[in-house]
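Participant: Sharing entry-v2.txt, compact mmCIF, C-alpha atoms:
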```
# COMPACT_ATOMS: atom_id res chain seq x y z
CA MET M 27 113.13 35.89 29.87
CA ALA M 28 111.50 38.44 32.18
CA THR M 29 108.73 40.60 30.76
CA THR M 30 108.91 44.40 30.82
CA PHE M 31 106.49 44.40 33.74
CA GLU M 32 108.61 41.96 35.74
CA THR M 33 111.81 43.84 34.99
CA LEU M 34 110.30 47.16 36.06
CA MET M 35 108.86 45.73 39.26
CA ASP M 36 112.35 44.51 40.23
CA LEU M 37 113.93 47.95 39.82
CA PRO M 38 114.64 49.73 43.14
CA LEU M 39 112.53 52.79 42.37
CA PHE M 40 109.51 50.62 41.47
CA LYS M 41 109.49 48.36 44.53
CA GLY M 42 105.99 47.70 45.83
CA VAL M 43 104.32 48.97 42.66
CA SER M 44 101.55 46.81 41.23
CA LYS M 45 101.17 45.73 37.61
CA ALA M 46 98.22 48.12 37.31
CA GLN M 47 100.43 50.99 38.46
CA ILE M 48 103.17 49.91 36.04
CA SER M 49 100.59 49.95 33.24
CA GLU M 50 99.51 53.44 34.30
CA PHE M 51 103.14 54.56 34.43
CA LEU M 52 103.85 53.29 30.90
CA GLY M 53 100.63 54.89 29.64
CA THR M 54 101.12 58.32 31.22
CA THR M 55 104.88 58.84 31.46
CA PRO M 56 106.97 59.36 28.31
CA VAL M 57 109.85 56.87 28.37
CA ASP M 58 112.46 55.90 25.80
CA PHE M 59 113.67 52.34 25.36
CA ILE M 60 117.10 52.49 23.71
CA THR M 61 119.46 49.72 22.68
CA TYR M 62 123.19 50.43 22.54
CA GLN M 63 125.91 48.36 20.94
CA ALA M 64 129.07 47.41 22.85
CA GLY M 65 131.51 50.28 23.33
CA GLU M 66 128.99 53.13 23.15
CA ILE M 67 129.07 55.99 25.67
CA LEU M 68 125.90 56.63 27.67
CA PHE M 69 127.33 59.72 29.38
CA ASP M 70 130.62 61.27 30.45
CA ALA M 71 131.68 62.89 33.72
CA SER M 72 131.04 66.49 32.63
CA ALA M 73 127.51 65.85 31.31
CA GLU M 74 124.59 67.22 33.31
CA CYS M 75 122.21 64.54 34.58
CA ARG M 76 118.82 65.29 33.02
CA SER M 77 117.23 61.85 33.14
CA LEU M 78 117.08 58.57 35.00
CA ILE M 79 118.56 55.60 33.17
CA TYR M 80 117.56 52.02 34.02
CA VAL M 81 119.68 49.15 32.71
CA MET M 82 117.08 46.67 31.43
CA HIS M 83 119.51 44.11 29.97
CA GLY M 84 123.19 43.91 29.15
CA SER M 85 125.93 45.63 31.16
CA VAL M 86 127.89 48.86 31.41
CA CYS M 87 131.19 49.99 32.90
CA ILE M 88 131.04 52.99 35.24
CA THR M 89 134.40 54.75 35.60
CA TYR M 90 135.52 57.30 38.19
CA ARG M 91 138.81 58.87 37.19
CA ASP M 92 141.40 60.48 39.47
CA VAL M 93 139.67 59.57 42.74
CA GLY M 94 143.18 59.80 44.13
CA LYS M 95 146.36 60.88 42.37
CA GLY M 96 146.71 58.35 39.56
CA VAL M 97 143.83 56.18 40.82
CA THR M 98 140.82 55.18 38.68
CA ILE M 99 137.90 52.93 39.64
CA HIS M 100 135.91 50.78 37.19
CA GLU M 101 132.63 49.13 38.15
CA LYS M 102 130.55 46.73 36.09
CA ALA M 103 126.78 47.24 36.39
CA SER M 104 124.16 44.94 34.90
CA SER M 105 120.37 44.74 34.57
CA GLY M 106 118.39 46.35 37.37
CA ARG M 107 120.83 49.18 38.03
CA VAL M 108 119.66 52.78 38.22
CA LEU M 109 121.99 55.43 36.81
CA GLY M 110 121.76 59.10 37.72
CA ALA M 111 119.34 59.02 40.67
CA ALA M 112 121.73 60.79 43.06
CA ARG M 113 122.60 63.50 40.51
CA LEU M 114 119.13 64.31 39.18
CA PHE M 115 118.45 67.08 41.71
CA GLY M 116 120.53 69.22 44.06
CA LEU M 117 123.46 71.58 43.49
CA SER M 118 125.83 69.08 41.86
CA ARG M 119 124.02 67.67 38.85
CA HIS M 120 126.92 66.47 36.70
CA TYR M 121 127.47 62.73 36.59
CA GLY M 122 131.05 62.88 37.82
CA CYS M 123 131.74 59.54 36.12
CA GLU M 124 131.57 58.06 32.66
CA CYS M 125 129.47 55.13 31.49
CA LEU M 126 130.34 52.82 28.60
CA THR M 127 128.43 49.76 27.38
CA LEU M 128 130.31 46.45 27.65
CA GLU M 129 127.92 44.53 25.38
CA PRO M 130 124.64 45.15 23.56
CA THR M 131 122.62 46.87 26.28
CA GLY M 132 119.03 48.01 26.58
CA VAL M 133 118.08 50.94 28.80
CA MET M 134 114.92 52.78 29.76
CA VAL M 135 115.27 56.55 30.00
CA ILE M 136 112.91 58.88 31.89
CA ASP M 137 113.34 62.63 31.50
CA LYS M 138 113.83 64.59 34.73
CA GLN M 139 110.68 66.69 34.29
CA ASP M 140 108.55 63.65 33.53
CA TYR M 141 109.99 61.80 36.53
CA SER M 142 109.23 64.82 38.75
CA LYS M 143 105.59 64.73 37.64
CA MET M 144 105.47 60.98 38.33
CA LEU M 145 106.76 61.52 41.88
CA GLN M 146 104.04 64.08 42.50
CA ARG M 147 101.29 61.79 41.18
CA ASN M 148 102.12 58.68 43.20
CA GLN M 149 103.43 58.58 46.76
CA VAL M 150 104.89 55.08 46.33
CA TYR M 151 107.36 56.37 43.72
CA TRP M 152 108.24 59.29 45.97
CA ILE M 153 108.89 57.07 49.00
CA ASN M 154 110.98 54.66 46.90
CA TYR M 155 113.11 57.54 45.63
CA LEU M 156 113.70 58.92 49.13
CA ASN M 157 114.49 55.45 50.47
CA TYR M 158 116.96 54.87 47.65
CA LEU M 159 118.81 58.14 48.25
CA SER M 160 118.77 57.68 52.03
CA ALA M 161 120.15 54.15 51.78
CA GLN M 162 122.99 55.34 49.55
CA TRP M 163 124.00 58.09 51.98
CA GLN M 164 123.49 56.11 55.19
CA ARG M 165 125.50 53.16 53.91
CA VAL M 166 128.61 55.26 53.42
CA ILE M 167 128.22 57.19 56.68
CA ASP M 168 127.63 54.02 58.73
CA GLU M 169 130.47 52.00 57.26
CA VAL M 170 133.26 54.41 56.32
CA ARG M 171 134.53 54.63 59.91
CA CYS M 172 134.70 50.84 60.05
CA VAL M 173 137.23 50.65 57.21
CA GLU M 174 139.43 53.65 58.04
CA GLY M 175 143.12 53.02 58.49
CA GLY M 176 146.52 53.34 56.88
CA HIS M 177 146.79 49.80 55.48
CA LEU M 178 146.29 49.13 51.79
CA LEU M 179 143.25 46.99 52.58
CA ASN M 180 141.63 49.89 54.43
CA ARG M 181 142.35 52.38 51.67
CA LEU M 182 141.00 50.09 48.95
CA ALA M 183 137.91 49.39 51.05
CA SER M 184 137.30 53.13 51.54
CA LEU M 185 137.50 53.73 47.79
CA VAL M 186 135.20 50.81 47.02
CA LEU M 187 132.69 51.87 49.68
CA THR M 188 132.61 55.46 48.48
CA TYR M 189 132.48 55.00 44.72
CA THR M 190 130.82 51.67 44.00
CA ASP M 191 127.38 50.18 44.48
CA PRO M 192 126.63 47.09 46.62
CA GLU M 193 125.17 45.50 43.48
CA ALA M 194 128.38 45.92 41.47
CA ASP M 195 129.12 42.79 39.42
CA SER M 196 132.86 43.42 39.47
CA ILE M 197 135.25 46.16 40.56
CA THR M 198 138.69 47.10 39.25
CA ILE M 199 141.01 49.72 40.73
CA GLU M 200 143.52 51.00 38.21
CA ALA M 201 146.68 52.48 39.72
CA ASP M 202 150.41 51.79 39.79
CA ASP M 203 152.21 50.87 43.00
CA GLU M 204 153.41 54.41 43.63
CA ALA M 205 149.88 55.82 43.48
CA LEU M 206 148.54 53.21 45.89
CA LEU M 207 151.53 53.47 48.22
CA SER M 208 150.95 57.22 48.52
CA LEU M 209 147.43 56.51 49.87
CA THR M 210 148.78 54.44 52.75
CA GLY M 211 151.03 54.98 55.73
CA LEU M 212 153.14 51.94 54.86
CA SER M 213 156.80 51.45 54.06
CA ARG M 214 157.49 49.98 50.62
CA GLU M 215 158.37 46.62 52.17
CA ALA M 216 155.16 46.51 54.22
CA PHE M 217 153.19 47.60 51.15
CA GLU M 218 154.57 44.72 49.05
CA GLU M 219 153.86 42.25 51.84
CA GLU M 220 150.25 43.41 52.07
CA CYS M 221 149.83 43.22 48.28
CA CYS M 222 150.96 39.59 48.40
CA ARG M 223 148.68 38.81 51.35
CA LEU M 224 145.63 40.33 49.62
CA HIS M 225 146.38 38.25 46.53
CA GLN M 226 146.90 35.05 48.50
CA THR M 227 143.61 35.51 50.38
CA CYS M 228 141.79 36.13 47.05
CA LEU M 229 140.65 39.60 48.14
CA VAL M 230 142.54 41.55 45.47
CA TYR M 231 144.15 40.15 42.32
CA ARG M 232 147.01 42.15 40.82
CA ASP M 233 147.10 42.31 37.02
CA GLY M 234 149.69 44.90 36.04
CA VAL M 235 148.35 48.30 37.10
CA ARG M 236 144.90 46.84 37.69
CA ARG M 237 143.67 45.45 41.02
CA LYS M 238 140.64 43.24 40.49
CA ILE M 239 138.30 42.83 43.44
CA PRO M 240 136.20 39.67 42.99
CA SER M 241 133.93 40.30 46.00
CA ARG M 242 133.06 43.75 47.28
CA GLN M 243 131.44 42.27 50.39
CA ARG M 244 134.44 40.12 51.32
CA LEU M 245 136.82 43.07 50.92
CA LEU M 246 134.73 45.29 53.20
CA GLU M 247 134.31 42.54 55.78
CA ALA M 248 138.07 41.95 55.86
CA ALA M 249 138.69 45.68 56.32
CA ARG M 250 136.20 45.84 59.19
CA MET M 251 137.82 42.86 60.88
CA GLN M 252 141.28 44.39 60.55
CA ARG M 253 139.98 47.66 61.96
CA SER M 254 138.60 45.87 65.03
CA ILE M 255 141.85 44.07 65.83
```
Let's see the structure in the file written out as structure tokens.

Facilitator:
Amino acid sequence: MATTFETLMDLPLFKGVSKAQISEFLGTTPVDFITYQAGEILFDASAECRSLIYVMHGSVCITYRDVGKGVTIHEKASSGRVLGAARLFGLSRHYGCECLTLEPTGVMVIDKQDYSKMLQRNQVYWINYLNYLSAQWQRVIDEVRCVEGGHLLNRLASLVLTYTDPEADSITIEADDEALLSLTGLSREAFEEECCRLHQTCLVYRDGVRRKIPSRQRLLEAARMQRSI
């Protein structure tokens, strides 16, 4: 099992930080280590983001509701994920999503004010934070044009690209056929044919009103290839 030092050094906002710097961080920055049981809520969509949350072990489900009429996205996130970094500062500081533990889960919580002081004390933390935010924004801008289109594959890829993280363990889109059909420019017959094709190629599995996406990367690659045809 990884030590606290090893776990912290693997987190995206601590990349390049030495063990000595981690020791200094733990000695000078107030942090809370909290363990949640399965089914507990870490935050809801209307809550204001006032801290950074690092998933140290276990897993959580991040849910974005009504991203389209009748469309909800669920994403599983495990150890190493950072929650709240993009909402900590700026004009829109509410989470905009809800987070529920899927199993016993340990998190490290850093208050916004304490994190701000840490950024000012050490340039490495500041650069890591800027790189993290820039990567999030650039990824969407660079790729969203590559998956645009009126097919179901394109629409699902756009939703996945916009709302989920590259490190997502699993992704589920919850919506009935009517809700998904309304997002596309397809006839009902063409829509059903594409649903079957996505299932047969193992890109999207239909389970009632849930579409399970086993591989985020494969889905996006397929959408880019279709766009280029």

Participant: Please determine, counting all atoms listed in the file, which residue among M:Arg244, M:His120, M:His177, M:Lys238 has the shortest atom-to-atom distance to Glu218 of chain M.

Facilitator: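 When distances to Glu218 of chain M are compared using all atoms listed in the file, the smallest one comes from M:His177.
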
Participant: I need every residue sitting at most 10 Å from the point (123.5, 45.5, 33.4) (coordinates as in the file, all atoms listed in the file considered), written as a ChimeraX atom specification.

Facilitator: /M:80-87,102-108,127-133,194-195

Participant: Distance atom CA of Val97 of chain M-atom CA of Leu206 of chain M, one decimal place?

Facilitator: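 Atom CA of Leu206 of chain M lies at a distance of 7.5 Å from atom CA of Val97 of chain M.
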
Participant: Need to verify the contact set: segment 212-215 of chain M, 9 Å, only C-alpha atoms, exclusion of same-chain residues closer than 4 positions in sequence. Can you return it as a list in words?

Facilitator: Gly176, His177, Leu178, Leu207, Ser208, Glu219 and Glu220 of chain M

Participant: Would you save the residues of that selection, restricted to C-alpha atoms, as a short mmCIF file (atom, residue, chain, number, x, y, z; two decimals), keeping the file's coordinate frame?

Facilitator:
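Result saved to part-v6.cif:
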```cif
data_model
loop_
_atom_site.label_atom_id
_atom_site.label_comp_id
_atom_site.auth_asym_id
_atom_site.auth_seq_id
_atom_site.Cartn_x
_atom_site.Cartn_y
_atom_site.Cartn_z
CA GLY M 176 146.52 53.34 56.88
CA HIS M 177 146.79 49.80 55.48
CA LEU M 178 146.29 49.13 51.79
CA LEU M 207 151.53 53.47 48.22
CA SER M 208 150.95 57.22 48.52
CA GLU M 219 153.86 42.25 51.84
CA GLU M 220 150.25 43.41 52.07
#
```

Participant: Work out how far atom CA of Tyr121 of chain M is from atom CA of Leu109 of chain M, in Å to one decimal.

Facilitator: 9.1 Å

Participant: Record the distance separating atom CA of Asn157 of chain M and atom CA of Pro38 of chain M, expressed in Å with one decimal.

Facilitator: 9.3 Å

Participant: For each of M:Glu247, M:Asp233, M:Glu124, M:Glu204, take the minimum atom-to-atom distance to Gly96 of chain M, counting only C-alpha atoms, then give the residue where this is smallest.

Facilitator: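 Distance minimum relative to Gly96 of chain M lands on M:Glu204.
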
Participant: Hey, which of M:Ser49, M:Asn154, M:Gln162, M:Asn148 ends up closest to Leu37 of chain M? Count all atoms listed in the file.

Facilitator: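 With all atoms listed in the file as the atom set, the closest residue is M:Asn154.
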